[in-house]
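**Q** Dropping in run.cif, with mmCIF, C-alpha atoms.
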data_final
#
loop_
_atom_site.group_PDB
_atom_site.id
_atom_site.type_symbol
_atom_site.label_atom_id
_atom_site.label_comp_id
_atom_site.auth_asym_id
_atom_site.auth_seq_id
_atom_site.Cartn_x
_atom_site.Cartn_y
_atom_site.Cartn_z
ATOM 1 C CA MET A 1451 17.579 -76.017 23.017
ATOM 2 C CA THR A 1452 17.422 -72.244 23.352
ATOM 3 C CA ARG A 1453 19.700 -69.320 22.572
ATOM 4 C CA VAL A 1454 19.363 -65.847 24.090
ATOM 5 C CA VAL A 1455 21.368 -62.888 22.803
ATOM 6 C CA LEU A 1456 21.375 -59.331 24.153
ATOM 7 C CA SER A 1457 22.839 -57.037 21.536
ATOM 8 C CA ALA A 1458 23.988 -53.440 21.885
ATOM 9 C CA ALA A 1459 24.547 -53.331 18.125
ATOM 10 C CA ALA A 1460 22.006 -53.465 15.302
ATOM 11 C CA PHE A 1461 21.284 -56.957 13.979
ATOM 12 C CA SER A 1462 19.989 -58.198 10.635
ATOM 13 C CA ALA A 1463 16.757 -60.134 11.163
ATOM 14 C CA ASP A 1464 17.158 -61.728 7.716
ATOM 15 C CA ALA A 1465 20.682 -62.956 8.412
ATOM 16 C CA GLU A 1466 19.765 -64.235 11.878
ATOM 17 C CA LEU A 1467 16.714 -66.102 10.561
ATOM 18 C CA SER A 1468 18.722 -67.679 7.728
ATOM 19 C CA ARG A 1469 21.303 -68.895 10.223
ATOM 20 C CA PHE A 1470 18.617 -70.153 12.612
ATOM 21 C CA ALA A 1471 16.850 -72.031 9.794
ATOM 22 C CA ARG A 1472 20.065 -73.909 9.050
ATOM 23 C CA GLY A 1473 19.669 -75.586 12.453
ATOM 24 C CA ARG A 1474 16.716 -77.627 11.147
ATOM 25 C CA THR A 1475 16.735 -81.316 12.030
ATOM 26 C CA ALA A 1476 15.061 -84.270 10.318
ATOM 27 C CA ALA A 1477 12.097 -83.752 12.658
ATOM 28 C CA THR A 1478 11.694 -80.046 11.873
ATOM 29 C CA GLY A 1479 8.536 -79.162 9.965
ATOM 30 C CA ALA A 1480 7.974 -75.550 11.004
ATOM 31 C CA LEU A 1481 9.755 -72.274 11.631
ATOM 32 C CA ALA A 1482 7.760 -69.326 13.020
ATOM 33 C CA SER A 1483 9.262 -65.945 13.814
ATOM 34 C CA PHE A 1484 8.439 -62.452 15.001
ATOM 35 C CA VAL A 1485 10.444 -59.263 14.529
ATOM 36 C CA GLY A 1486 9.553 -56.156 16.547
ATOM 37 C CA TYR A 1487 10.705 -52.767 15.235
ATOM 38 C CA CYS A 1488 11.117 -49.392 16.881
ATOM 39 C CA ARG A 1489 8.222 -47.251 15.602
ATOM 40 C CA ALA A 1490 8.913 -43.676 14.536
ATOM 41 C CA THR A 1491 5.692 -42.479 16.172
ATOM 42 C CA SER A 1492 3.735 -43.286 19.315
ATOM 43 C CA ASP A 1493 0.550 -41.967 20.962
ATOM 44 C CA HIS A 1494 2.761 -39.199 22.312
ATOM 45 C CA GLY A 1495 4.229 -38.012 19.022
ATOM 46 C CA ALA A 1496 7.457 -38.544 17.133
ATOM 47 C CA VAL A 1497 9.964 -41.111 18.423
ATOM 48 C CA GLU A 1498 13.652 -40.715 17.572
ATOM 49 C CA GLU A 1499 14.850 -43.753 19.466
ATOM 50 C CA ILE A 1500 13.969 -46.176 22.224
ATOM 51 C CA VAL A 1501 16.508 -46.673 24.988
ATOM 52 C CA LEU A 1502 16.468 -50.041 26.741
ATOM 53 C CA ASP A 1503 18.054 -50.429 30.152
ATOM 54 C CA HIS A 1504 18.755 -53.899 31.494
ATOM 55 C CA TYR A 1505 20.204 -55.536 34.598
ATOM 56 C CA PRO A 1506 23.437 -57.207 33.450
ATOM 57 C CA GLY A 1507 23.518 -60.869 34.417
ATOM 58 C CA PHE A 1508 19.990 -60.947 35.789
ATOM 59 C CA THR A 1509 18.274 -60.021 32.513
ATOM 60 C CA GLU A 1510 20.080 -62.775 30.580
ATOM 61 C CA LYS A 1511 19.325 -65.320 33.315
ATOM 62 C CA GLU A 1512 15.622 -64.463 33.454
ATOM 63 C CA ILE A 1513 15.111 -64.566 29.674
ATOM 64 C CA GLU A 1514 16.965 -67.875 29.523
ATOM 65 C CA ARG A 1515 14.679 -69.234 32.236
ATOM 66 C CA LEU A 1516 11.539 -68.026 30.403
ATOM 67 C CA SER A 1517 12.743 -69.344 27.047
ATOM 68 C CA ARG A 1518 13.610 -72.769 28.475
ATOM 69 C CA ALA A 1519 10.116 -72.994 29.992
ATOM 70 C CA VAL A 1520 8.464 -72.099 26.658
ATOM 71 C CA ALA A 1521 10.708 -74.494 24.694
ATOM 72 C CA GLU A 1522 9.899 -77.358 27.060
ATOM 73 C CA ARG A 1523 6.170 -76.668 27.202
ATOM 74 C CA ARG A 1524 5.883 -76.471 23.392
ATOM 75 C CA GLU A 1525 8.385 -79.294 22.770
ATOM 76 C CA LEU A 1526 10.450 -77.109 20.452
ATOM 77 C CA ILE A 1527 13.490 -78.215 18.506
ATOM 78 C CA ASP A 1528 15.078 -74.778 18.968
ATOM 79 C CA LEU A 1529 14.160 -71.296 20.206
ATOM 80 C CA LEU A 1530 16.062 -68.085 19.486
ATOM 81 C CA VAL A 1531 15.622 -64.749 21.270
ATOM 82 C CA ILE A 1532 17.621 -61.689 20.212
ATOM 83 C CA HIS A 1533 16.885 -58.466 22.107
ATOM 84 C CA ARG A 1534 18.516 -55.079 21.703
ATOM 85 C CA ILE A 1535 19.855 -53.141 24.675
ATOM 86 C CA GLY A 1536 20.831 -49.472 24.769
ATOM 87 C CA ALA A 1537 19.677 -46.957 22.159
ATOM 88 C CA VAL A 1538 17.633 -48.293 19.227
ATOM 89 C CA PRO A 1539 16.955 -45.737 16.476
ATOM 90 C CA ALA A 1540 13.461 -45.666 14.959
ATOM 91 C CA GLY A 1541 13.111 -48.189 12.147
ATOM 92 C CA GLU A 1542 15.575 -50.749 13.550
ATOM 93 C CA PRO A 1543 14.604 -54.178 14.891
ATOM 94 C CA ILE A 1544 14.378 -54.351 18.700
ATOM 95 C CA VAL A 1545 13.537 -58.000 19.143
ATOM 96 C CA LEU A 1546 13.519 -61.244 17.188
ATOM 97 C CA VAL A 1547 11.942 -64.459 18.422
ATOM 98 C CA ALA A 1548 12.015 -67.615 16.311
ATOM 99 C CA ALA A 1549 11.001 -71.204 16.986
ATOM 100 C CA LEU A 1550 11.672 -74.498 15.234
ATOM 101 C CA SER A 1551 9.234 -77.346 15.833
ATOM 102 C CA SER A 1552 7.820 -80.426 14.187
ATOM 103 C CA HIS A 1553 4.431 -78.835 13.504
ATOM 104 C CA ARG A 1554 3.258 -75.251 13.005
ATOM 105 C CA ALA A 1555 0.915 -74.890 16.000
ATOM 106 C CA ALA A 1556 3.737 -75.262 18.529
ATOM 107 C CA ALA A 1557 5.984 -72.810 16.661
ATOM 108 C CA PHE A 1558 3.266 -70.140 16.379
ATOM 109 C CA ALA A 1559 2.259 -70.553 20.029
ATOM 110 C CA ALA A 1560 5.835 -70.467 21.316
ATOM 111 C CA VAL A 1561 6.693 -67.230 19.503
ATOM 112 C CA SER A 1562 3.519 -65.518 20.700
ATOM 113 C CA GLU A 1563 4.000 -66.705 24.274
ATOM 114 C CA MET A 1564 7.669 -65.694 24.398
ATOM 115 C CA MET A 1565 6.809 -62.208 23.121
ATOM 116 C CA ASP A 1566 4.120 -61.847 25.782
ATOM 117 C CA TYR A 1567 6.633 -62.788 28.481
ATOM 118 C CA LEU A 1568 9.193 -60.326 27.101
ATOM 119 C CA LYS A 1569 6.603 -57.536 27.356
ATOM 120 C CA THR A 1570 5.883 -58.035 31.053
ATOM 121 C CA ASP A 1571 8.421 -60.364 32.686
ATOM 122 C CA ALA A 1572 11.822 -59.678 31.153
ATOM 123 C CA PRO A 1573 13.989 -57.233 33.116
ATOM 124 C CA PHE A 1574 14.072 -54.372 30.620
ATOM 125 C CA TRP A 1575 13.112 -50.735 31.079
ATOM 126 C CA LYS A 1576 12.167 -48.800 27.968
ATOM 127 C CA ARG A 1577 11.945 -45.116 27.324
ATOM 128 C CA GLU A 1578 11.010 -43.264 24.183
ATOM 129 C CA GLN A 1579 13.185 -40.360 23.173
ATOM 130 C CA GLY A 1580 11.411 -37.734 21.090
ATOM 131 C CA PRO A 1581 11.890 -34.066 20.279
ATOM 132 C CA ASP A 1582 10.202 -33.134 23.580
ATOM 133 C CA GLY A 1583 12.341 -35.357 25.789
ATOM 134 C CA ALA A 1584 12.232 -38.886 27.179
ATOM 135 C CA ARG A 1585 9.235 -40.847 28.452
ATOM 136 C CA TRP A 1586 9.210 -44.207 30.284
ATOM 137 C CA ILE A 1587 7.038 -46.884 28.674
ATOM 138 C CA ASP A 1588 5.083 -49.234 30.926
ATOM 139 C CA PRO A 1589 3.445 -52.474 29.844
ATOM 140 C CA THR A 1590 -0.221 -51.916 28.940
ATOM 141 C CA ALA A 1591 -3.243 -53.561 30.568
ATOM 142 C CA ALA A 1592 -3.538 -55.610 27.368
ATOM 143 C CA ASP A 1593 0.063 -56.808 27.797
ATOM 144 C CA TYR A 1594 -0.692 -58.002 31.347
ATOM 145 C CA ALA A 1595 -3.967 -59.636 30.220
ATOM 146 C CA ARG A 1596 -2.160 -61.590 27.493
ATOM 147 C CA ARG A 1597 0.497 -62.710 29.963
ATOM 148 C CA GLU A 1598 -2.205 -63.934 32.379
ATOM 149 C CA GLU A 1599 -3.623 -66.131 29.606
ATOM 150 C CA HIS A 1600 -0.424 -68.193 29.691
ATOM 151 C CA ALA A 1601 -0.611 -68.651 33.444
ATOM 152 C CA LYS A 1602 -3.915 -70.559 33.104
ATOM 153 C CA MET B 508 28.739 -53.363 51.981
ATOM 154 C CA THR B 509 25.516 -53.837 50.035
ATOM 155 C CA ARG B 510 24.837 -52.398 46.573
ATOM 156 C CA ILE B 511 21.297 -51.066 46.245
ATOM 157 C CA LEU B 512 20.310 -50.837 42.567
ATOM 158 C CA PHE B 513 17.471 -48.858 41.011
ATOM 159 C CA PHE B 514 15.975 -49.538 37.587
ATOM 160 C CA GLY B 515 13.528 -47.698 35.324
ATOM 161 C CA ARG B 516 11.609 -44.832 36.923
ATOM 162 C CA LEU B 517 13.092 -45.734 40.288
ATOM 163 C CA ARG B 518 16.501 -44.654 39.036
ATOM 164 C CA ASP B 519 15.052 -41.196 38.443
ATOM 165 C CA ALA B 520 13.400 -41.251 41.885
ATOM 166 C CA ALA B 521 16.690 -42.231 43.542
ATOM 167 C CA GLY B 522 18.721 -39.791 41.465
ATOM 168 C CA ALA B 523 21.271 -42.569 40.885
ATOM 169 C CA SER B 524 21.401 -46.044 39.407
ATOM 170 C CA GLU B 525 22.971 -47.446 42.543
ATOM 171 C CA MET B 526 24.222 -46.687 46.015
ATOM 172 C CA ALA B 527 26.546 -48.588 48.289
ATOM 173 C CA CYS B 528 25.379 -48.883 51.897
ATOM 174 C CA GLU B 529 26.505 -50.426 55.108
ATOM 175 C CA LEU B 530 23.099 -51.801 56.150
ATOM 176 C CA PRO B 531 22.445 -51.812 59.910
ATOM 177 C CA ALA B 532 22.419 -55.349 61.305
ATOM 178 C CA SER B 533 18.873 -54.745 62.563
ATOM 179 C CA LEU B 534 17.539 -54.862 58.984
ATOM 180 C CA ARG B 535 16.433 -58.431 58.409
ATOM 181 C CA THR B 536 14.097 -58.409 55.415
ATOM 182 C CA VAL B 537 13.610 -56.626 52.108
ATOM 183 C CA ALA B 538 10.729 -54.687 53.702
ATOM 184 C CA ASP B 539 13.097 -53.538 56.479
ATOM 185 C CA VAL B 540 15.571 -52.234 53.894
ATOM 186 C CA ARG B 541 12.827 -50.345 52.065
ATOM 187 C CA ALA B 542 11.607 -48.800 55.328
ATOM 188 C CA TRP B 543 15.187 -47.818 56.201
ATOM 189 C CA ILE B 544 15.630 -46.102 52.822
ATOM 190 C CA GLY B 545 12.217 -44.461 53.256
ATOM 191 C CA ALA B 546 13.216 -43.052 56.639
ATOM 192 C CA ARG B 547 16.143 -41.278 54.981
ATOM 193 C CA ASP B 548 14.232 -40.305 51.817
ATOM 194 C CA PRO B 549 10.422 -40.541 52.201
ATOM 195 C CA GLU B 550 9.741 -39.769 48.544
ATOM 196 C CA LEU B 551 12.038 -42.564 47.376
ATOM 197 C CA GLY B 552 10.594 -44.886 50.030
ATOM 198 C CA ALA B 553 7.095 -44.290 48.629
ATOM 199 C CA ALA B 554 8.312 -44.909 45.066
ATOM 200 C CA LEU B 555 9.929 -48.209 46.132
ATOM 201 C CA GLY B 556 6.617 -49.325 47.655
ATOM 202 C CA ALA B 557 4.501 -48.442 44.599
ATOM 203 C CA PRO B 558 2.404 -51.169 42.939
ATOM 204 C CA GLY B 559 4.271 -53.181 40.324
ATOM 205 C CA VAL B 560 7.738 -52.652 41.829
ATOM 206 C CA ARG B 561 9.719 -55.922 41.777
ATOM 207 C CA ILE B 562 12.692 -56.726 43.960
ATOM 208 C CA ALA B 563 15.659 -59.032 43.482
ATOM 209 C CA VAL B 564 18.137 -60.037 46.185
ATOM 210 C CA ASP B 565 21.470 -61.204 44.791
ATOM 211 C CA GLN B 566 19.839 -61.532 41.351
ATOM 212 C CA VAL B 567 16.894 -63.676 42.454
ATOM 213 C CA PHE B 568 13.316 -62.302 42.534
ATOM 214 C CA ALA B 569 12.316 -61.771 46.155
ATOM 215 C CA THR B 570 9.258 -60.814 48.166
ATOM 216 C CA ASP B 571 9.011 -58.332 51.051
ATOM 217 C CA ASP B 572 9.627 -61.006 53.655
ATOM 218 C CA ALA B 573 12.785 -62.341 51.959
ATOM 219 C CA PRO B 574 15.955 -62.128 54.046
ATOM 220 C CA ALA B 575 18.155 -59.168 53.146
ATOM 221 C CA SER B 576 20.904 -59.383 55.748
ATOM 222 C CA GLY B 577 24.217 -60.325 54.176
ATOM 223 C CA ALA B 578 22.973 -59.528 50.659
ATOM 224 C CA ALA B 579 25.615 -58.223 48.252
ATOM 225 C CA GLU B 580 23.036 -56.690 45.918
ATOM 226 C CA ILE B 581 19.415 -55.610 46.324
ATOM 227 C CA ALA B 582 17.636 -54.355 43.205
ATOM 228 C CA PHE B 583 14.419 -52.340 43.128
ATOM 229 C CA MET B 584 12.799 -52.484 39.687
ATOM 230 C CA SER B 585 9.905 -50.465 38.285
ATOM 231 C CA PRO B 586 7.494 -52.468 36.075
ATOM 232 C CA LEU B 587 9.401 -54.511 33.506
ATOM 233 C CA SER B 588 8.784 -53.762 29.834
ATOM 234 C CA GLY B 589 10.699 -55.430 27.036
ATOM 235 C CA GLY B 590 9.760 -56.444 23.539
#
Could you write out this file's structure as structure tokens?
**A**
Amino acid sequence: MTRVVLSAAAFSADAELSRFARGRTAATGALASFVGYCRATSDHGAVEEIVLDHYPGFTEKEIERLSRAVAERRELIDLLVIHRIGAVPAGEPIVLVAALSSHRAAAFAAVSEMMDYLKTDAPFWKREQGPDGARWIDPTAADYARREEHAK
Amino acid sequence: MTRILFFGRLRDAAGASEMACELPASLRTVADVRAWIGARDPELGAALGAPGVRIAVDQVFATDDAPASGAAEIAFMSPLSGG
């Protein structure tokens, strides 16, 4: 089971995780999660907000495909992906990934793997808005290297 | 009529997020469409052929040799970056 949400509005990571945890089954022994936040600084200076473009319809479909593949490979009980779209002010959560599984190794691995896919394979385009204007953000070489690890 | 969509940096290069075109019937593949756009706007054509650019035809990832004739929507995407 997987659930993918694209949200133009701010979300509460605490509230979402509490709700997700209520979906535990008798077989559930582990919940792992990751929350990514918009930093207020980058290598290029102050960041006021990050603006995320997406491709309506296609972005949802691709993330659902990636999340189903991760959930199947790791034999998860449930997987949740919430990703912001549009303008995200510094300090707010951009992404939440959470996994329910029987044992911890699968939950940890699934969250890490899903995040790596989101960095390089999910149809989003990010730009940082700072006092000096906007700047597109590309995945880093490290992002691509991590993604390649999963392809092995 | 085919919608050509541009995402990320390519939207800046195209100066628009999309354009509607009547593609000539002679254009058979994605590569043909890119060459046709490049003939009208060489700078944009070069940007569309840059490393890391991904293409989707009717919301399915496609390669250069994928058929483009009859497509409702062709998207050119600069490197994807979520998370």
**Q** Take every atom of range 1554-1564 of chain A listed in the file, fit an axis-aligned box around them, add 3 Å per side, and give the centre and edge lengths in Å to one decimal as lines of an AutoDock Vina configuration file.
**A**
center_x = 4.3
center_y = -70.4
center_z = 18.7
size_x = 12.8
size_y = 15.7
size_z = 17.4
**Q** List, as a compact mmCIF listing (two decimals) with C-alpha atoms, in the frame of the given file, every residue that the PyMOL selection byres ((chain B) within 8 of (chain A)) selects in the file provided.
**A**
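Output (part10.txt):
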# COMPACT_ATOMS: atom_id res chain seq x y z
CA PHE B 514 15.98 -49.54 37.59
CA GLY B 515 13.53 -47.70 35.32
CA ARG B 516 11.61 -44.83 36.92
CA GLN B 566 19.84 -61.53 41.35
CA VAL B 567 16.89 -63.68 42.45
CA SER B 585 9.90 -50.46 38.28
CA PRO B 586 7.49 -52.47 36.08
CA LEU B 587 9.40 -54.51 33.51
CA SER B 588 8.78 -53.76 29.83
CA GLY B 589 10.70 -55.43 27.04
CA GLY B 590 9.76 -56.44 23.54
**Q** How far is it from CA of Ala1459 in chain A to CA of Val1501 in chain A, in Å with one decimal?
**A**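 For CA of Ala1459 in chain A relative to CA of Val1501 in chain A, the distance reads 12.5 Å.
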**Q** Just how far from CA of Arg1472 in chain A is CA of Leu1550 in chain A, in Å to one decimal?
**A** 10.4 Å
**Q** As a check of understanding, name the residues that the PyMOL selection byres ((chain B and resi 559) around 10) selects in the supplied structure, as an MDAnalysis selection string.
**A** chainID B and resid 555:558 560:562 584:587
**Q** Go ahead and save the residues from that selection, with C-alpha atoms, as a compact mmCIF listing (two decimals), in the frame of the given file.
**A**
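Printed below is out-v9.txt as written:
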# COMPACT_ATOMS: atom_id res chain seq x y z
CA LEU B 555 9.93 -48.21 46.13
CA GLY B 556 6.62 -49.32 47.66
CA ALA B 557 4.50 -48.44 44.60
CA PRO B 558 2.40 -51.17 42.94
CA VAL B 560 7.74 -52.65 41.83
CA ARG B 561 9.72 -55.92 41.78
CA ILE B 562 12.69 -56.73 43.96
CA MET B 584 12.80 -52.48 39.69
CA SER B 585 9.90 -50.46 38.28
CA PRO B 586 7.49 -52.47 36.08
CA LEU B 587 9.40 -54.51 33.51
**Q** Once the PyMOL selection byres ((chain A and resi 1489-1497) around 8) is applied to the coordinates I shared, what remains selected? I want it as a ChimeraX atom specification.
**A** /A:1487-1488,1498-1500,1540-1541,1578-1581
**Q** Could you name the residues that touch Arg1524 in chain A at 12 Å or less, counting all atoms listed in the file, but leaving out those on the same chain fewer than 3 positions away, as an MDAnalysis selection string?
**A** chainID A and resid 1451 1517:1521 1527:1529 1549:1564
**Q** Take the residues from that selection and write them out as a CSV table (one decimal), keeping the file's coordinate frame, keeping C-alpha atoms.
**A**
chain,number,residue,atom,x,y,z
A,1451,MET,CA,17.6,-76.0,23.0
A,1517,SER,CA,12.7,-69.3,27.0
A,1518,ARG,CA,13.6,-72.8,28.5
A,1519,ALA,CA,10.1,-73.0,30.0
A,1520,VAL,CA,8.5,-72.1,26.7
A,1521,ALA,CA,10.7,-74.5,24.7
A,1527,ILE,CA,13.5,-78.2,18.5
A,1528,ASP,CA,15.1,-74.8,19.0
A,1529,LEU,CA,14.2,-71.3,20.2
A,1549,ALA,CA,11.0,-71.2,17.0
A,1550,LEU,CA,11.7,-74.5,15.2
A,1551,SER,CA,9.2,-77.3,15.8
A,1552,SER,CA,7.8,-80.4,14.2
A,1553,HIS,CA,4.4,-78.8,13.5
A,1554,ARG,CA,3.3,-75.3,13.0
A,1555,ALA,CA,0.9,-74.9,16.0
A,1556,ALA,CA,3.7,-75.3,18.5
A,1557,ALA,CA,6.0,-72.8,16.7
A,1558,PHE,CA,3.3,-70.1,16.4
A,1559,ALA,CA,2.3,-70.6,20.0
A,1560,ALA,CA,5.8,-70.5,21.3
A,1561,VAL,CA,6.7,-67.2,19.5
A,1562,SER,CA,3.5,-65.5,20.7
A,1563,GLU,CA,4.0,-66.7,24.3
A,1564,MET,CA,7.7,-65.7,24.4
**Q** Could you jot down the CA of Gly1536 in chain A to CA of Ala569 in chain B separation for me, Å, one decimal place?
**A** 26.1 Å
**Q** Can you tell me which residues surround Ala542 in chain B at a distance of at most 8 Å, considering only C-alpha atoms, apart from same-chain residues fewer than 4 positions away, and format the answer as a list in words?
**A**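 Near neighbours after the sequence-gap exclusion: Ala538, Ala546 and Gly552 of chain B.
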**Q** Which protein, DNA or RNA residues have an atom at most 10 Å from (19.5, -59.5, 61.8), counting all atoms listed in the file? List them as a short mmCIF file (atom, residue, chain, number, x, y, z; two decimals) with C-alpha atoms, in the coordinates of the input.
**A**
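Listed below is the output, part-v7.cif:
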data_model
loop_
_atom_site.label_atom_id
_atom_site.label_comp_id
_atom_site.auth_asym_id
_atom_site.auth_seq_id
_atom_site.Cartn_x
_atom_site.Cartn_y
_atom_site.Cartn_z
CA PRO B 531 22.44 -51.81 59.91
CA ALA B 532 22.42 -55.35 61.30
CA SER B 533 18.87 -54.74 62.56
CA LEU B 534 17.54 -54.86 58.98
CA ARG B 535 16.43 -58.43 58.41
CA THR B 536 14.10 -58.41 55.42
CA PRO B 574 15.96 -62.13 54.05
CA ALA B 575 18.16 -59.17 53.15
CA SER B 576 20.90 -59.38 55.75
CA GLY B 577 24.22 -60.32 54.18
#
**Q** Out of A:Glu1522, A:Leu1530, A:Glu1542, A:Glu1510, which residue has the shortest atom-to-atom distance to Thr1452 in chain A when counting all atoms listed in the file?
**A**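 The closest residue to Thr1452 in chain A is A:Leu1530.
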**Q** The residues within 7 Å of (17.7, -51.0, 50.3), using all atoms listed in the file and the coordinates of the file, should be reported as a PDB file with C-alpha atoms, keeping the file's coordinate frame; which are they?
**A**
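As written to disk, out23.pdb reads:
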ATOM      1  CA  ILE B 511      21.297 -51.066  46.245  1.00  0.00           C
ATOM      2  CA  VAL B 540      15.571 -52.234  53.894  1.00  0.00           C
ATOM      3  CA  ARG B 541      12.827 -50.345  52.065  1.00  0.00           C
ATOM      4  CA  ILE B 544      15.630 -46.102  52.822  1.00  0.00           C
ATOM      5  CA  ILE B 581      19.415 -55.610  46.324  1.00  0.00           C
TER       6      ILE B 581
END
**Q** Nearest to Ala523 in chain B among B:Val564, B:Met508, B:Leu551, B:Ala573, with distances taken over only C-alpha atoms: which residue is it?
**A** B:Leu551
